[in-house]
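Beneath this line is the structure, given in structure tokens, with notes to follow.
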Amino acid sequence: YPQESPGNSSAGGPPSGTSGRWQRLEQQLDEHIRILEASQGLEEDLRKQAALVKKREQYLSYRQKIAARDAGEQKEITERLAQLESELTRAERELATDQEPEAKSRTEQRKLALKEEHGEVQRTFQKKRQDSQSILQDIEERLEGLQDELDFREARISKAQQQLVSTADNGPGSLDAELAAMPAEDGKELLRRYCEKLVKLRQREK
């Protein structure tokens, strides 16, 4: 029967007599994978954060435009209502004076037309005001949702950055030296396990 040479792994397991060293290497590689996951997650969160910030700025700009348009329309309609009320007052004063029947009839018709226009301007203003308020409320709700998502992303980014800084502070350890001193067969086995874990990582990302 063929004999296994010392240092070769048996059935894909750690080499005989080196289980502690093997376990330490696997732990270091697991840590490397966790760092890789954190880095990739951080990049994705940063991209999503940038997109959310851009969308928030668009909504804020839109809200400002709606508010400015609303203020302009309110000013215009207020001035028109004041003008109509002034003309109505003048028509009422004219009706209070002695007028010829034909002139009085024309004044009454003018007063009626002014009252109708006054009511129409008020209704138009109220409708526009309601529409603007509905749009602004929708924008506020969307901004609240965006802020919640931004808070979530910022918390994830902060956590990932702290994890990466902590890992960097701890240093790479002796992993490079351990790998350099490892026999070729052991290195192949460790590489196989590392590749399997990377494949699982990619599958989780999908």
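Residues in the structure tokens are numbered from 1 in each chain, the chains being A, B, ... in the order shown, and ligands are numbered from 1 in the order shown.
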
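Residues in contact with region 103-107 of chain A at up to 9 Å, not including ones fewer than 4 positions away on its chain and judged by only C-alpha atoms, are A:Ala91, A:Glu92, A:Glu94, A:Leu95, A:Asp98, A:Gln99, A:Lys111, A:Leu112.
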
Could the residues in this selection be saved with all heavy atoms as a JSON list (two decimals), in the first residue's frame?
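The resulting file, out30.json, is shown below:
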[["chain", "number", "residue", "atom", "x", "y", "z"],
["A", 91, "ALA", "N", -68.67, 100.67, -7.58],
["A", 91, "ALA", "CA", -69.97, 100.40, -8.20],
["A", 91, "ALA", "C", -71.11, 100.57, -7.20],
["A", 91, "ALA", "O", -72.17, 101.10, -7.54],
["A", 91, "ALA", "CB", -69.99, 98.99, -8.78],
["A", 92, "GLU", "N", -70.89, 100.14, -5.96],
["A", 92, "GLU", "CA", -71.91, 100.30, -4.93],
["A", 92, "GLU", "C", -72.15, 101.77, -4.61],
["A", 92, "GLU", "O", -73.30, 102.20, -4.37],
["A", 92, "GLU", "CB", -71.50, 99.53, -3.68],
["A", 92, "GLU", "CG", -71.57, 98.01, -3.85],
["A", 92, "GLU", "CD", -70.98, 97.26, -2.68],
["A", 92, "GLU", "OE1", -70.40, 97.91, -1.79],
["A", 92, "GLU", "OE2", -71.10, 96.02, -2.66],
["A", 94, "GLU", "N", -71.77, 104.21, -6.74],
["A", 94, "GLU", "CA", -72.49, 104.76, -7.89],
["A", 94, "GLU", "C", -73.98, 104.41, -7.82],
["A", 94, "GLU", "O", -74.85, 105.23, -8.17],
["A", 94, "GLU", "CB", -71.89, 104.24, -9.19],
["A", 94, "GLU", "CG", -70.50, 104.79, -9.48],
["A", 94, "GLU", "CD", -69.89, 104.16, -10.73],
["A", 94, "GLU", "OE1", -70.60, 103.36, -11.40],
["A", 94, "GLU", "OE2", -68.71, 104.45, -11.03],
["A", 95, "LEU", "N", -74.25, 103.18, -7.38],
["A", 95, "LEU", "CA", -75.65, 102.76, -7.27],
["A", 95, "LEU", "C", -76.39, 103.54, -6.17],
["A", 95, "LEU", "O", -77.62, 103.68, -6.22],
["A", 95, "LEU", "CB", -75.75, 101.26, -6.99],
["A", 95, "LEU", "CG", -75.40, 100.34, -8.16],
["A", 95, "LEU", "CD1", -75.33, 98.88, -7.69],
["A", 95, "LEU", "CD2", -76.42, 100.47, -9.29],
["A", 98, "ASP", "N", -78.13, 109.07, -7.37],
["A", 98, "ASP", "CA", -79.22, 109.12, -8.35],
["A", 98, "ASP", "C", -78.66, 108.93, -9.74],
["A", 98, "ASP", "O", -77.75, 109.66, -10.18],
["A", 98, "ASP", "CB", -79.94, 110.48, -8.27],
["A", 98, "ASP", "CG", -80.68, 110.64, -6.95],
["A", 98, "ASP", "OD1", -81.07, 109.59, -6.38],
["A", 98, "ASP", "OD2", -80.84, 111.78, -6.49],
["A", 99, "GLN", "N", -79.14, 107.90, -10.43],
["A", 99, "GLN", "CA", -78.69, 107.60, -11.77],
["A", 99, "GLN", "C", -79.89, 107.41, -12.69],
["A", 99, "GLN", "O", -80.99, 107.06, -12.25],
["A", 99, "GLN", "CB", -77.82, 106.31, -11.80],
["A", 99, "GLN", "CG", -76.43, 106.46, -11.23],
["A", 99, "GLN", "CD", -75.65, 105.17, -11.40],
["A", 99, "GLN", "OE1", -76.18, 104.08, -11.17],
["A", 99, "GLN", "NE2", -74.40, 105.30, -11.81],
["A", 111, "LYS", "N", -71.45, 95.42, -11.57],
["A", 111, "LYS", "CA", -71.27, 94.92, -10.21],
["A", 111, "LYS", "C", -71.44, 93.40, -10.16],
["A", 111, "LYS", "O", -70.65, 92.70, -9.52],
["A", 111, "LYS", "CB", -72.28, 95.58, -9.28],
["A", 111, "LYS", "CG", -72.20, 95.08, -7.84],
["A", 111, "LYS", "CD", -73.27, 95.71, -6.97],
["A", 111, "LYS", "CE", -73.26, 95.10, -5.57],
["A", 111, "LYS", "NZ", -74.32, 95.67, -4.71],
["A", 112, "LEU", "N", -72.43, 92.88, -10.87],
["A", 112, "LEU", "CA", -72.65, 91.43, -10.91],
["A", 112, "LEU", "C", -71.46, 90.72, -11.54],
["A", 112, "LEU", "O", -71.01, 89.67, -11.05],
["A", 112, "LEU", "CB", -73.93, 91.14, -11.69],
["A", 112, "LEU", "CG", -74.31, 89.65, -11.81],
["A", 112, "LEU", "CD1", -74.53, 89.04, -10.42],
["A", 112, "LEU", "CD2", -75.57, 89.48, -12.66]]

Counting only C-alpha atoms, which residues of region 78-144 of chain A fall within 9 Å of region 46-59 of chain A, and what is the closest atom pair for each with its distance in Å at one decimal, ordered by chain and rising number, as JSON lines?
{"residue": "A:Ile139", "atom": "CA", "partner": "A:Tyr59", "partner_atom": "CA", "distance": 6.5}
{"residue": "A:Glu140", "atom": "CA", "partner": "A:Tyr59", "partner_atom": "CA", "distance": 8.7}
{"residue": "A:Arg142", "atom": "CA", "partner": "A:Tyr59", "partner_atom": "CA", "distance": 8.1}
{"residue": "A:Leu143", "atom": "CA", "partner": "A:Arg56", "partner_atom": "CA", "distance": 6.4}

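Each of A:Gln137, A:Ser61, A:Gln28, A:Thr78 was checked against Thr124 (chain A) using only C-alpha atoms; the smallest atom-to-atom distance is that of A:Thr78.
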
query: Which residue gives the smallest distance to Leu25 (chain A) among A:Ile135, A:Ala155, A:Val165, A:Leu191, with only C-alpha atoms counted?
result: A:Leu191

field: Close residues, Gly119 (chain A) itself excluded, 12 Å, only C-alpha atoms, min 4 positions apart in chain, as number ranges by chain
entry: A: 77, 80-81, 84-85, 112-115, 123-126

With all heavy atoms retained, export the selected residues as a short mmCIF file (atom, residue, chain, number, x, y, z; two decimals), in the first residue's frame.
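out-v6.cif, freshly written:
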data_model
loop_
_atom_site.label_atom_id
_atom_site.label_comp_id
_atom_site.auth_asym_id
_atom_site.auth_seq_id
_atom_site.Cartn_x
_atom_site.Cartn_y
_atom_site.Cartn_z
N ILE A 77 -52.80 86.92 -7.12
CA ILE A 77 -54.24 86.79 -6.88
C ILE A 77 -54.71 87.76 -5.80
O ILE A 77 -55.80 88.34 -5.91
CB ILE A 77 -54.56 85.33 -6.48
CG1 ILE A 77 -54.38 84.42 -7.71
CG2 ILE A 77 -55.98 85.21 -5.94
CD1 ILE A 77 -54.56 82.96 -7.42
N ARG A 80 -55.16 91.04 -7.44
CA ARG A 80 -56.37 91.06 -8.29
C ARG A 80 -57.63 91.13 -7.45
O ARG A 80 -58.58 91.86 -7.80
CB ARG A 80 -56.39 89.81 -9.18
CG ARG A 80 -57.58 89.74 -10.11
CD ARG A 80 -57.70 90.95 -10.98
NE ARG A 80 -58.88 90.92 -11.84
CZ ARG A 80 -59.43 91.99 -12.39
NH1 ARG A 80 -58.91 93.20 -12.17
NH2 ARG A 80 -60.48 91.88 -13.16
N LEU A 81 -57.69 90.42 -6.34
CA LEU A 81 -58.85 90.47 -5.46
C LEU A 81 -59.04 91.86 -4.89
O LEU A 81 -60.17 92.36 -4.78
CB LEU A 81 -58.71 89.43 -4.34
CG LEU A 81 -58.89 87.96 -4.74
CD1 LEU A 81 -58.56 87.05 -3.56
CD2 LEU A 81 -60.32 87.70 -5.23
N LEU A 84 -60.53 94.05 -7.58
CA LEU A 84 -61.95 93.76 -7.79
C LEU A 84 -62.80 94.33 -6.65
O LEU A 84 -63.90 94.87 -6.89
CB LEU A 84 -62.17 92.25 -7.90
CG LEU A 84 -61.64 91.58 -9.17
CD1 LEU A 84 -61.69 90.07 -9.05
CD2 LEU A 84 -62.45 92.04 -10.40
N GLU A 85 -62.29 94.19 -5.42
CA GLU A 85 -63.04 94.72 -4.27
C GLU A 85 -63.15 96.25 -4.36
O GLU A 85 -64.19 96.83 -4.00
CB GLU A 85 -62.36 94.30 -2.98
CG GLU A 85 -62.53 92.82 -2.69
CD GLU A 85 -61.60 92.31 -1.60
OE1 GLU A 85 -60.85 93.16 -1.04
OE2 GLU A 85 -61.60 91.11 -1.31
N LEU A 112 -72.43 92.88 -10.87
CA LEU A 112 -72.65 91.43 -10.91
C LEU A 112 -71.46 90.72 -11.54
O LEU A 112 -71.01 89.67 -11.05
CB LEU A 112 -73.93 91.14 -11.69
CG LEU A 112 -74.31 89.65 -11.81
CD1 LEU A 112 -74.53 89.04 -10.42
CD2 LEU A 112 -75.57 89.48 -12.66
N ALA A 113 -70.94 91.28 -12.63
CA ALA A 113 -69.78 90.67 -13.29
C ALA A 113 -68.56 90.70 -12.38
O ALA A 113 -67.77 89.73 -12.34
CB ALA A 113 -69.49 91.40 -14.60
N LEU A 114 -68.39 91.79 -11.65
CA LEU A 114 -67.26 91.90 -10.73
C LEU A 114 -67.36 90.86 -9.61
O LEU A 114 -66.37 90.25 -9.22
CB LEU A 114 -67.20 93.31 -10.14
CG LEU A 114 -66.76 94.42 -11.09
CD1 LEU A 114 -67.00 95.79 -10.46
CD2 LEU A 114 -65.28 94.26 -11.45
N LYS A 115 -68.58 90.67 -9.08
CA LYS A 115 -68.77 89.68 -8.01
C LYS A 115 -68.50 88.26 -8.52
O LYS A 115 -67.90 87.45 -7.82
CB LYS A 115 -70.19 89.78 -7.47
CG LYS A 115 -70.45 91.04 -6.65
CD LYS A 115 -71.86 91.09 -6.10
CE LYS A 115 -72.06 90.02 -5.03
NZ LYS A 115 -73.40 90.14 -4.40
N ARG A 123 -61.99 80.91 -5.99
CA ARG A 123 -62.06 79.45 -6.18
C ARG A 123 -60.80 78.93 -6.87
O ARG A 123 -60.26 77.88 -6.51
CB ARG A 123 -63.30 79.08 -6.99
CG ARG A 123 -64.59 79.20 -6.21
CD ARG A 123 -65.76 78.60 -6.98
NE ARG A 123 -66.05 79.37 -8.19
CZ ARG A 123 -66.89 80.41 -8.22
NH1 ARG A 123 -67.48 80.83 -7.12
NH2 ARG A 123 -67.12 81.04 -9.36
N THR A 124 -60.33 79.67 -7.87
CA THR A 124 -59.10 79.27 -8.57
C THR A 124 -57.91 79.26 -7.63
O THR A 124 -57.09 78.33 -7.65
CB THR A 124 -58.82 80.23 -9.74
OG1 THR A 124 -59.91 80.18 -10.65
CG2 THR A 124 -57.53 79.84 -10.47
N PHE A 125 -57.83 80.30 -6.79
CA PHE A 125 -56.72 80.38 -5.83
C PHE A 125 -56.76 79.22 -4.84
O PHE A 125 -55.74 78.60 -4.55
CB PHE A 125 -56.79 81.71 -5.09
CG PHE A 125 -55.79 81.81 -3.96
CD1 PHE A 125 -54.43 81.88 -4.22
CD2 PHE A 125 -56.22 81.79 -2.64
CE1 PHE A 125 -53.51 81.95 -3.18
CE2 PHE A 125 -55.30 81.86 -1.60
CZ PHE A 125 -53.96 81.94 -1.86
N GLN A 126 -57.96 78.91 -4.31
CA GLN A 126 -58.10 77.82 -3.36
C GLN A 126 -57.72 76.49 -3.99
O GLN A 126 -57.07 75.65 -3.35
CB GLN A 126 -59.52 77.77 -2.82
CG GLN A 126 -59.87 78.95 -1.91
CD GLN A 126 -61.33 79.00 -1.54
OE1 GLN A 126 -62.13 78.19 -2.02
NE2 GLN A 126 -61.70 79.96 -0.69
#

- prompt: Which polymer residues have any atom within 9 Å of an atom of Gln161 (chain A), counting only C-alpha atoms, with same-chain residues fewer than 4 positions away left out, as a list in words?
  reply: Ala38, Ser39, Leu42, Arg156, Ile157, Val165 and Ser166 of chain A
